[in-house]
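S.K.: To start, I am sharing the structure in question, which I have written as structure tokens.
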Amino acid sequence: MGRLDGRAAIVTGGAGGIGAATARALAKEGASVVVVDIDGARAELVAEAITVSNGTAFSVRADLSDEAEAVAAIKAAVARCGRLDVLHNNAAMTESDFLSRDTQVTDLSFEVWDRTMAVNLRSQMLMCKHAIPEMVRAGGGSIINMSSGASLKGDRTRTAYGVSKAGVNTLTMYVATSHGKEGVRANTVVPGLIITDAVRAHLSDHMLEGLGRATLTPYVGDPVDVANLVVFLASDESRYITGQMIGIDGGMSAHVGSMGQDDR
Ligand SMILES: NC(=O)c1ccc[n+]([C@@H]2O[C@H](COP(=O)([O-])OP(=O)(O)OC[C@H]3O[C@@H](n4cnc5c(N)ncnc54)[C@H](O)[C@@H]3O)[C@@H](O)[C@H]2O)c1
């Protein structure tokens, strides 16, 4: 018996990194998983691997900053699974070239700001907007939005990224407040450093070392750590948790020197 037997889950940005690990973990607990990503080919590989491991999964290609594509992804999920219980809003602009152009505010282009807001924040709003009626029809559901420790503090770079994720934190509280009595819970996951290909491509070894030092655990985060938290938030074990921001950062945010500048 899996903790999510009979449930249907959408994972956005599920083609790699944290989203792929979460898709695998949800499927392992018995959920039918719909892997949605702008990179349709990689999303299909993730779905195929789950199927080969005796899970249930399929993929949908969508640019979730576009409302029509978000609606189509949800319709495809409901058509295949017959219901929708879980939404993990994980997609974001993480490509290194793009993040390099997300600078301090005086250098920031309108285009980078707008694309960041469209993908990181608007997509989460659109997916909530169209998933919630399906969840209510299914008798309730759980939304797990993806934020970042970058939403809680300032930095000298990645202004648009940090602000978009701060919007995610607030969106979650509004969704939880509006739809709790209909049985829909919403929570935000706030990760610190999680080692993925996207992070390796964007951060230098020096920065990764600094962040590793600022992490209180003997190890830094793996996508599976986030996947385990998402499974818990998707399951009935977390039924009294809603509207919360839940940090998963090896304690990085719990002390001063948390930006990796502490050389001790
Ligand atoms: N890895 C970390 O250290 C870390 C820390 C904090 C927060 N996060 C957040 O975790 C999530 C996953 O990050 P990751 O490190 O696994 O990176 P990733 O690049 O593997 O995941 C992002 C995914 O989003 C997809 N995507 C981008 N634009 C899209 C669009 N318009 N429509 C649909 N899909 C789109 C990408 O193709 C990619 O598969 C992101 O929301 C990121 O902000 C990661």
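Each chain of the structure tokens is named A, B, ... in the order shown, its residues numbered from 1; ligands are numbered from 1 in display order.
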Give me, as CSV, the closest atom pair and its distance (Å, one decimal) for every residue of chain A within a cut-off of 6 Å of ligand 1, counting only C-alpha atoms and all ligand atoms, rows sorted by chain and rising number.
M.R.:
```
residue,atom,partner,partner_atom_place_in_ligand_line,distance
A:Gly13,CA,ligand 1,24 (O),3.5
A:Gly14,CA,ligand 1,39 (O),5.5
A:Ala15,CA,ligand 1,39 (O),4.4
A:Gly16,CA,ligand 1,20 (O),4.4
A:Gly17,CA,ligand 1,16 (O),3.5
A:Ile18,CA,ligand 1,16 (O),3.8
A:Gly19,CA,ligand 1,16 (O),5.7
A:Asp37,CA,ligand 1,34 (N),3.8
A:Ile38,CA,ligand 1,33 (C),4.0
A:Asp39,CA,ligand 1,37 (O),5.0
A:Ala62,CA,ligand 1,33 (C),5.5
A:Asp63,CA,ligand 1,32 (N),3.6
A:Leu64,CA,ligand 1,32 (N),4.1
A:Ser65,CA,ligand 1,31 (N),5.2
A:Asn90,CA,ligand 1,41 (O),4.4
A:Ala91,CA,ligand 1,24 (O),3.6
A:Ala92,CA,ligand 1,41 (O),4.4
A:Met93,CA,ligand 1,27 (C),5.0
A:Thr94,CA,ligand 1,19 (O),4.8
A:Val119,CA,ligand 1,31 (N),5.0
A:Met146,CA,ligand 1,41 (O),5.2
A:Ser147,CA,ligand 1,7 (C),5.6
A:Ser148,CA,ligand 1,6 (C),4.0
A:Pro191,CA,ligand 1,6 (C),4.4
A:Gly192,CA,ligand 1,5 (C),5.0
A:Leu193,CA,ligand 1,3 (O),3.9
A:Ile194,CA,ligand 1,3 (O),3.6
A:Ile195,CA,ligand 1,1 (N),5.6
A:Thr196,CA,ligand 1,15 (O),5.0
A:Ala198,CA,ligand 1,19 (O),4.9
A:Val199,CA,ligand 1,1 (N),5.5
```
S.K.: Counting only C-alpha atoms, what is within 12 Å of region 46-57 of chain A, bar same-chain residues fewer than 4 positions away, as an MDAnalysis selection string?
M.R.: chainID A and resid 2 4:11 13:37 39:42 61 77 80:81
S.K.: Just N, CA and C atoms for this one: save the residues we selected as a short mmCIF file (atom, residue, chain, number, x, y, z; two decimals), in the first residue's frame.
M.R.:
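Below you can see part.cif, which holds the result:
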```cif
data_model
loop_
_atom_site.label_atom_id
_atom_site.label_comp_id
_atom_site.auth_asym_id
_atom_site.auth_seq_id
_atom_site.Cartn_x
_atom_site.Cartn_y
_atom_site.Cartn_z
N GLY A 2 0.68 2.13 -1.00
CA GLY A 2 1.40 3.39 -1.02
C GLY A 2 0.59 4.46 -0.31
N LEU A 4 -0.09 7.24 -1.44
CA LEU A 4 -0.84 8.06 -2.41
C LEU A 4 -1.60 7.18 -3.41
N ASP A 5 -1.91 5.96 -3.01
CA ASP A 5 -2.66 5.07 -3.90
C ASP A 5 -3.95 5.73 -4.37
N GLY A 6 -4.21 5.67 -5.66
CA GLY A 6 -5.47 6.19 -6.20
C GLY A 6 -5.47 7.69 -6.46
N ARG A 7 -4.37 8.36 -6.08
CA ARG A 7 -4.31 9.82 -6.29
C ARG A 7 -3.66 10.14 -7.63
N ALA A 8 -3.99 11.32 -8.14
CA ALA A 8 -3.36 11.81 -9.38
C ALA A 8 -2.61 13.10 -9.07
N ALA A 9 -1.39 13.20 -9.57
CA ALA A 9 -0.52 14.34 -9.25
C ALA A 9 0.09 14.94 -10.51
N ILE A 10 0.14 16.26 -10.55
CA ILE A 10 0.89 16.97 -11.59
C ILE A 10 2.18 17.50 -10.97
N VAL A 11 3.30 17.28 -11.66
CA VAL A 11 4.57 17.89 -11.26
C VAL A 11 5.01 18.78 -12.40
N GLY A 13 7.70 21.35 -14.30
CA GLY A 13 9.17 21.40 -14.31
C GLY A 13 9.73 20.04 -13.91
N GLY A 14 9.06 18.99 -14.35
CA GLY A 14 9.43 17.64 -13.89
C GLY A 14 10.44 16.93 -14.77
N ALA A 15 11.04 17.64 -15.73
CA ALA A 15 11.94 16.99 -16.68
C ALA A 15 13.31 16.66 -16.10
N GLY A 16 13.65 17.23 -14.95
CA GLY A 16 14.97 16.97 -14.36
C GLY A 16 15.03 17.48 -12.94
N GLY A 17 16.20 17.41 -12.34
CA GLY A 17 16.44 17.99 -11.02
C GLY A 17 15.41 17.58 -9.98
N ILE A 18 14.94 18.55 -9.22
CA ILE A 18 14.02 18.28 -8.11
C ILE A 18 12.69 17.73 -8.63
N GLY A 19 12.18 18.28 -9.74
CA GLY A 19 10.88 17.85 -10.25
C GLY A 19 10.87 16.38 -10.64
N ALA A 20 11.94 15.92 -11.29
CA ALA A 20 12.01 14.51 -11.69
C ALA A 20 12.07 13.60 -10.46
N ALA A 21 12.86 14.01 -9.45
CA ALA A 21 12.95 13.21 -8.21
C ALA A 21 11.59 13.15 -7.53
N THR A 22 10.86 14.26 -7.55
CA THR A 22 9.54 14.30 -6.91
C THR A 22 8.55 13.44 -7.68
N ALA A 23 8.60 13.51 -9.01
CA ALA A 23 7.71 12.67 -9.82
C ALA A 23 7.94 11.20 -9.49
N ARG A 24 9.20 10.79 -9.39
CA ARG A 24 9.52 9.38 -9.06
C ARG A 24 9.00 9.02 -7.67
N ALA A 25 9.19 9.93 -6.71
CA ALA A 25 8.78 9.63 -5.32
C ALA A 25 7.26 9.55 -5.20
N LEU A 26 6.54 10.43 -5.87
CA LEU A 26 5.07 10.39 -5.83
C LEU A 26 4.56 9.09 -6.46
N ALA A 27 5.18 8.69 -7.58
CA ALA A 27 4.76 7.46 -8.26
C ALA A 27 5.06 6.25 -7.38
N LYS A 28 6.19 6.26 -6.68
CA LYS A 28 6.55 5.15 -5.80
C LYS A 28 5.52 4.96 -4.69
N GLU A 29 4.87 6.05 -4.29
CA GLU A 29 3.83 5.97 -3.25
C GLU A 29 2.45 5.68 -3.84
N GLY A 30 2.41 5.39 -5.16
CA GLY A 30 1.15 4.93 -5.74
C GLY A 30 0.39 5.96 -6.55
N ALA A 31 0.87 7.21 -6.60
CA ALA A 31 0.14 8.22 -7.38
C ALA A 31 0.37 8.02 -8.89
N SER A 32 -0.63 8.36 -9.68
CA SER A 32 -0.42 8.51 -11.13
C SER A 32 0.14 9.91 -11.32
N VAL A 33 1.27 9.99 -12.03
CA VAL A 33 1.99 11.27 -12.10
C VAL A 33 2.02 11.81 -13.53
N VAL A 34 1.69 13.08 -13.65
CA VAL A 34 1.75 13.77 -14.93
C VAL A 34 2.95 14.73 -14.87
N VAL A 35 3.95 14.44 -15.70
CA VAL A 35 5.18 15.23 -15.70
C VAL A 35 5.03 16.31 -16.77
N VAL A 36 4.94 17.56 -16.34
CA VAL A 36 4.71 18.66 -17.27
C VAL A 36 5.97 19.52 -17.35
N ASP A 37 6.42 19.81 -18.56
CA ASP A 37 7.62 20.62 -18.69
C ASP A 37 7.65 21.27 -20.09
N ASP A 39 10.28 21.34 -21.73
CA ASP A 39 11.14 20.40 -22.44
C ASP A 39 10.42 19.04 -22.50
N GLY A 40 9.61 18.88 -23.55
CA GLY A 40 8.76 17.70 -23.66
C GLY A 40 9.54 16.40 -23.77
N ALA A 41 10.68 16.43 -24.46
CA ALA A 41 11.45 15.20 -24.67
C ALA A 41 12.00 14.68 -23.34
N ARG A 42 12.56 15.58 -22.52
CA ARG A 42 13.11 15.14 -21.24
C ARG A 42 12.00 14.75 -20.27
N ARG A 61 4.00 18.30 -22.75
CA ARG A 61 4.85 19.46 -23.01
C ARG A 61 4.01 20.72 -22.91
N ALA A 77 -4.22 15.91 -17.94
CA ALA A 77 -4.03 15.13 -16.71
C ALA A 77 -5.36 14.52 -16.26
N ARG A 80 -6.51 11.69 -18.53
CA ARG A 80 -5.78 10.43 -18.36
C ARG A 80 -6.05 9.78 -17.01
N CYS A 81 -6.16 10.61 -15.95
CA CYS A 81 -6.23 10.05 -14.59
C CYS A 81 -7.65 10.07 -14.02
#
```
S.K.: Tell me, as a PyMOL selection string, which residues lie within 7 Å of Arg83 (chain A), counting only C-alpha atoms; anything in the same chain fewer than 5 positions away does not count.
M.R.: chain A and resi 8+78+134+138
S.K.: Report as a PyMOL selection string all protein, DNA and RNA residues lying within 7 Å of region 100-107 of chain A, evaluated on only C-alpha atoms, omitting residues in the same chain fewer than 5 positions from it.
M.R.: chain A and resi 112+156-160
S.K.: Create the file for the chosen residues now, containing C-alpha atoms and written as a compact mmCIF listing (two decimals), in the first residue's frame.
M.R.:
```
# COMPACT_ATOMS: atom_id res chain seq x y z
CA VAL A 112 14.43 39.31 -17.79
CA ARG A 156 23.37 41.55 -4.95
CA THR A 157 22.13 39.42 -7.82
CA ARG A 158 19.04 37.44 -8.98
CA THR A 159 16.65 40.25 -8.02
CA ALA A 160 13.82 39.05 -10.27
```
S.K.: Neighbouring residues of Arg239 (chain A) were defined as those with any atom within 12 Å, considering only C-alpha atoms; residues of the same chain fewer than 3 positions away were excluded. Please report them as a count of residues only.
M.R.: 17
S.K.: Show me, as a list of chain:residue names, the residues that have an atom within 7 Å of region 121-132 of chain A when counting only C-alpha atoms, minus same-chain residues fewer than 6 positions from it.
M.R.: A:Leu64, A:Ser65, A:Glu67, A:Ala70, A:Val71, A:Ile74, A:Asn89, A:Ser164, A:Lys165, A:Gly167, A:Val168
S.K.: Could you name the residues that touch Ala201 (chain A) at 10 Å or less, counting only C-alpha atoms, but leaving out those on the same chain fewer than 4 positions away, as a PyMOL selection string?
M.R.: chain A and resi 94-97+196-197+205
S.K.: Name the residues of region 37-176 of chain A that fall into helix (DSSP H, G or I) according to DSSP on the backbone, using the chain letters and numbers of this document, as a ChimeraX atom specification.
M.R.: /A:40-52,67-81,96-100,105-107,110-137,149-151,159-176
S.K.: If you keep C-alpha atoms, can you produce a file of those selected residues as a PDB file, in the first residue's frame?
M.R.:
```pdb
ATOM      1  CA  GLY A  40       8.759  17.698 -23.657  1.00  0.00           C
ATOM      2  CA  ALA A  41      11.449  15.198 -24.671  1.00  0.00           C
ATOM      3  CA  ARG A  42      13.112  15.140 -21.235  1.00  0.00           C
ATOM      4  CA  ALA A  43       9.729  15.031 -19.499  1.00  0.00           C
ATOM      5  CA  GLU A  44       8.859  11.959 -21.574  1.00  0.00           C
ATOM      6  CA  LEU A  45      12.105  10.235 -20.497  1.00  0.00           C
ATOM      7  CA  VAL A  46      11.178  10.789 -16.836  1.00  0.00           C
ATOM      8  CA  ALA A  47       7.657   9.409 -17.404  1.00  0.00           C
ATOM      9  CA  GLU A  48       9.016   6.391 -19.320  1.00  0.00           C
ATOM     10  CA  ALA A  49      11.502   5.566 -16.533  1.00  0.00           C
ATOM     11  CA  ILE A  50       8.685   5.657 -13.958  1.00  0.00           C
ATOM     12  CA  THR A  51       6.587   3.350 -16.132  1.00  0.00           C
ATOM     13  CA  VAL A  52       9.495   0.923 -16.518  1.00  0.00           C
ATOM     14  CA  GLU A  67      -2.774  30.239 -19.769  1.00  0.00           C
ATOM     15  CA  ALA A  68      -4.037  28.140 -22.699  1.00  0.00           C
ATOM     16  CA  GLU A  69      -1.106  25.719 -22.293  1.00  0.00           C
ATOM     17  CA  ALA A  70      -1.629  25.507 -18.518  1.00  0.00           C
ATOM     18  CA  VAL A  71      -5.318  24.706 -19.071  1.00  0.00           C
ATOM     19  CA  ALA A  72      -4.434  22.080 -21.702  1.00  0.00           C
ATOM     20  CA  ALA A  73      -1.948  20.406 -19.320  1.00  0.00           C
ATOM     21  CA  ILE A  74      -4.554  20.141 -16.569  1.00  0.00           C
ATOM     22  CA  LYS A  75      -7.195  18.870 -19.010  1.00  0.00           C
ATOM     23  CA  ALA A  76      -4.780  16.219 -20.294  1.00  0.00           C
ATOM     24  CA  ALA A  77      -4.029  15.130 -16.712  1.00  0.00           C
ATOM     25  CA  VAL A  78      -7.704  14.828 -15.793  1.00  0.00           C
ATOM     26  CA  ALA A  79      -8.488  13.035 -19.081  1.00  0.00           C
ATOM     27  CA  ARG A  80      -5.784  10.428 -18.361  1.00  0.00           C
ATOM     28  CA  CYS A  81      -6.228  10.053 -14.588  1.00  0.00           C
ATOM     29  CA  SER A  96      22.483  29.593 -16.205  1.00  0.00           C
ATOM     30  CA  ASP A  97      22.616  32.031 -19.162  1.00  0.00           C
ATOM     31  CA  PHE A  98      19.279  33.493 -18.152  1.00  0.00           C
ATOM     32  CA  LEU A  99      20.123  33.721 -14.430  1.00  0.00           C
ATOM     33  CA  SER A 100      23.381  35.522 -15.317  1.00  0.00           C
ATOM     34  CA  VAL A 105      18.094  46.170 -10.039  1.00  0.00           C
ATOM     35  CA  THR A 106      20.020  48.990 -11.767  1.00  0.00           C
ATOM     36  CA  ASP A 107      21.232  46.595 -14.488  1.00  0.00           C
ATOM     37  CA  PHE A 110      12.536  44.584 -18.475  1.00  0.00           C
ATOM     38  CA  GLU A 111      12.672  41.346 -20.506  1.00  0.00           C
ATOM     39  CA  VAL A 112      14.430  39.307 -17.792  1.00  0.00           C
ATOM     40  CA  TRP A 113      12.131  40.708 -15.096  1.00  0.00           C
ATOM     41  CA  ASP A 114       8.984  39.914 -17.121  1.00  0.00           C
ATOM     42  CA  ARG A 115      10.006  36.411 -18.208  1.00  0.00           C
ATOM     43  CA  THR A 116      10.979  35.554 -14.624  1.00  0.00           C
ATOM     44  CA  MET A 117       7.621  36.731 -13.295  1.00  0.00           C
ATOM     45  CA  ALA A 118       5.766  34.936 -16.110  1.00  0.00           C
ATOM     46  CA  VAL A 119       7.442  31.557 -15.572  1.00  0.00           C
ATOM     47  CA  ASN A 120       8.175  31.527 -11.828  1.00  0.00           C
ATOM     48  CA  LEU A 121       5.059  33.268 -10.522  1.00  0.00           C
ATOM     49  CA  ARG A 122       2.342  33.551 -13.171  1.00  0.00           C
ATOM     50  CA  SER A 123       2.603  29.847 -14.032  1.00  0.00           C
ATOM     51  CA  GLN A 124       1.996  28.915 -10.389  1.00  0.00           C
ATOM     52  CA  MET A 125      -1.042  31.213 -10.250  1.00  0.00           C
ATOM     53  CA  LEU A 126      -2.436  29.796 -13.522  1.00  0.00           C
ATOM     54  CA  MET A 127      -1.951  26.201 -12.416  1.00  0.00           C
ATOM     55  CA  CYS A 128      -3.635  26.927  -9.057  1.00  0.00           C
ATOM     56  CA  LYS A 129      -6.472  28.744 -10.825  1.00  0.00           C
ATOM     57  CA  HIS A 130      -7.306  25.806 -13.084  1.00  0.00           C
ATOM     58  CA  ALA A 131      -6.341  22.910 -10.788  1.00  0.00           C
ATOM     59  CA  ILE A 132      -8.423  23.967  -7.777  1.00  0.00           C
ATOM     60  CA  PRO A 133     -11.865  23.345  -9.393  1.00  0.00           C
ATOM     61  CA  GLU A 134     -10.671  19.840 -10.368  1.00  0.00           C
ATOM     62  CA  MET A 135      -9.423  19.202  -6.814  1.00  0.00           C
ATOM     63  CA  VAL A 136     -12.712  20.375  -5.333  1.00  0.00           C
ATOM     64  CA  ARG A 137     -14.504  17.964  -7.690  1.00  0.00           C
ATOM     65  CA  GLY A 149      15.536  30.812   0.353  1.00  0.00           C
ATOM     66  CA  ALA A 150      16.312  33.672  -2.071  1.00  0.00           C
ATOM     67  CA  SER A 151      12.764  34.956  -1.388  1.00  0.00           C
ATOM     68  CA  THR A 159      16.650  40.253  -8.025  1.00  0.00           C
ATOM     69  CA  ALA A 160      13.817  39.046 -10.270  1.00  0.00           C
ATOM     70  CA  TYR A 161      14.210  35.434  -9.108  1.00  0.00           C
ATOM     71  CA  GLY A 162      14.041  36.395  -5.423  1.00  0.00           C
ATOM     72  CA  VAL A 163      11.038  38.694  -5.891  1.00  0.00           C
ATOM     73  CA  SER A 164       9.161  36.132  -8.009  1.00  0.00           C
ATOM     74  CA  LYS A 165       9.623  33.519  -5.285  1.00  0.00           C
ATOM     75  CA  ALA A 166       8.456  36.001  -2.615  1.00  0.00           C
ATOM     76  CA  GLY A 167       5.283  36.288  -4.710  1.00  0.00           C
ATOM     77  CA  VAL A 168       4.962  32.494  -4.579  1.00  0.00           C
ATOM     78  CA  ASN A 169       5.128  32.601  -0.755  1.00  0.00           C
ATOM     79  CA  THR A 170       2.213  35.042  -0.669  1.00  0.00           C
ATOM     80  CA  LEU A 171       0.218  33.321  -3.442  1.00  0.00           C
ATOM     81  CA  THR A 172       0.240  30.142  -1.341  1.00  0.00           C
ATOM     82  CA  MET A 173      -1.239  31.909   1.684  1.00  0.00           C
ATOM     83  CA  TYR A 174      -4.029  33.424  -0.427  1.00  0.00           C
ATOM     84  CA  VAL A 175      -4.836  30.072  -2.045  1.00  0.00           C
ATOM     85  CA  ALA A 176      -4.828  28.314   1.345  1.00  0.00           C
TER      86      ALA A 176
END
```
S.K.: Hey, what does DSSP flag as strand (DSSP E) within region 58-229 of chain A? Can you give it to me as an NGL selection string?
M.R.: :A and (58-61 or 86-89 or 141-146 or 184-191)
S.K.: Can you write out the residues you just picked, keeping N, CA, C and O atoms, as a short mmCIF file (atom, residue, chain, number, x, y, z; two decimals), in the first residue's frame?
M.R.:
```cif
data_model
loop_
_atom_site.label_atom_id
_atom_site.label_comp_id
_atom_site.auth_asym_id
_atom_site.auth_seq_id
_atom_site.Cartn_x
_atom_site.Cartn_y
_atom_site.Cartn_z
N PHE A 58 2.79 9.83 -17.21
CA PHE A 58 2.92 10.26 -18.60
C PHE A 58 3.33 11.71 -18.62
O PHE A 58 3.37 12.37 -17.58
N SER A 59 3.71 12.18 -19.81
CA SER A 59 4.28 13.53 -19.89
C SER A 59 3.41 14.44 -20.75
O SER A 59 2.68 13.97 -21.63
N VAL A 60 3.51 15.71 -20.46
CA VAL A 60 2.84 16.74 -21.27
C VAL A 60 3.84 17.87 -21.49
O VAL A 60 4.47 18.33 -20.52
N ARG A 61 4.00 18.30 -22.75
CA ARG A 61 4.85 19.46 -23.01
C ARG A 61 4.01 20.72 -22.91
O ARG A 61 2.94 20.83 -23.53
N VAL A 86 -3.19 16.34 -6.50
CA VAL A 86 -1.93 16.95 -6.05
C VAL A 86 -1.36 17.79 -7.18
O VAL A 86 -1.33 17.35 -8.34
N LEU A 87 -0.91 18.99 -6.84
CA LEU A 87 -0.21 19.85 -7.81
C LEU A 87 1.10 20.31 -7.17
O LEU A 87 1.08 20.97 -6.12
N HIS A 88 2.21 19.95 -7.78
CA HIS A 88 3.51 20.45 -7.32
C HIS A 88 4.01 21.46 -8.35
O HIS A 88 4.46 21.08 -9.44
N ASN A 89 3.91 22.73 -8.01
CA ASN A 89 4.32 23.82 -8.90
C ASN A 89 5.82 24.06 -8.74
O ASN A 89 6.25 24.82 -7.87
N GLY A 141 -7.67 18.48 -2.18
CA GLY A 141 -6.37 18.28 -2.80
C GLY A 141 -5.27 19.01 -2.05
O GLY A 141 -5.53 19.68 -1.04
N SER A 142 -4.06 18.84 -2.55
CA SER A 142 -2.89 19.46 -1.92
C SER A 142 -2.03 20.13 -2.99
O SER A 142 -1.63 19.49 -3.96
N ILE A 143 -1.77 21.41 -2.78
CA ILE A 143 -0.90 22.17 -3.70
C ILE A 143 0.41 22.44 -2.97
O ILE A 143 0.41 22.88 -1.82
N ILE A 144 1.51 22.14 -3.66
CA ILE A 144 2.83 22.36 -3.06
C ILE A 144 3.61 23.27 -4.01
O ILE A 144 4.03 22.85 -5.10
N ASN A 145 3.73 24.52 -3.62
CA ASN A 145 4.40 25.51 -4.46
C ASN A 145 5.88 25.58 -4.11
O ASN A 145 6.26 25.44 -2.95
N MET A 146 6.69 25.84 -5.13
CA MET A 146 8.14 25.84 -4.94
C MET A 146 8.66 27.28 -4.85
O MET A 146 8.53 28.06 -5.78
N VAL A 184 -8.98 22.06 0.01
CA VAL A 184 -7.72 22.23 -0.74
C VAL A 184 -6.69 22.89 0.19
O VAL A 184 -6.90 24.00 0.67
N ARG A 185 -5.59 22.17 0.44
CA ARG A 185 -4.49 22.73 1.22
C ARG A 185 -3.44 23.28 0.26
O ARG A 185 -3.32 22.82 -0.88
N ALA A 186 -2.69 24.28 0.71
CA ALA A 186 -1.58 24.81 -0.10
C ALA A 186 -0.42 25.16 0.82
O ALA A 186 -0.62 25.80 1.86
N ASN A 187 0.75 24.70 0.46
CA ASN A 187 1.95 24.99 1.24
C ASN A 187 3.10 25.35 0.30
O ASN A 187 3.10 24.97 -0.87
N THR A 188 4.06 26.09 0.84
CA THR A 188 5.24 26.46 0.07
C THR A 188 6.46 25.73 0.61
O THR A 188 6.71 25.76 1.82
N VAL A 189 7.22 25.13 -0.29
CA VAL A 189 8.51 24.54 0.07
C VAL A 189 9.58 25.59 -0.21
O VAL A 189 9.62 26.18 -1.30
N VAL A 190 10.44 25.83 0.78
CA VAL A 190 11.47 26.87 0.65
C VAL A 190 12.85 26.22 0.77
O VAL A 190 13.42 26.13 1.86
N PRO A 191 13.40 25.77 -0.37
CA PRO A 191 14.69 25.08 -0.28
C PRO A 191 15.88 26.03 -0.18
O PRO A 191 15.85 27.15 -0.68
#
```
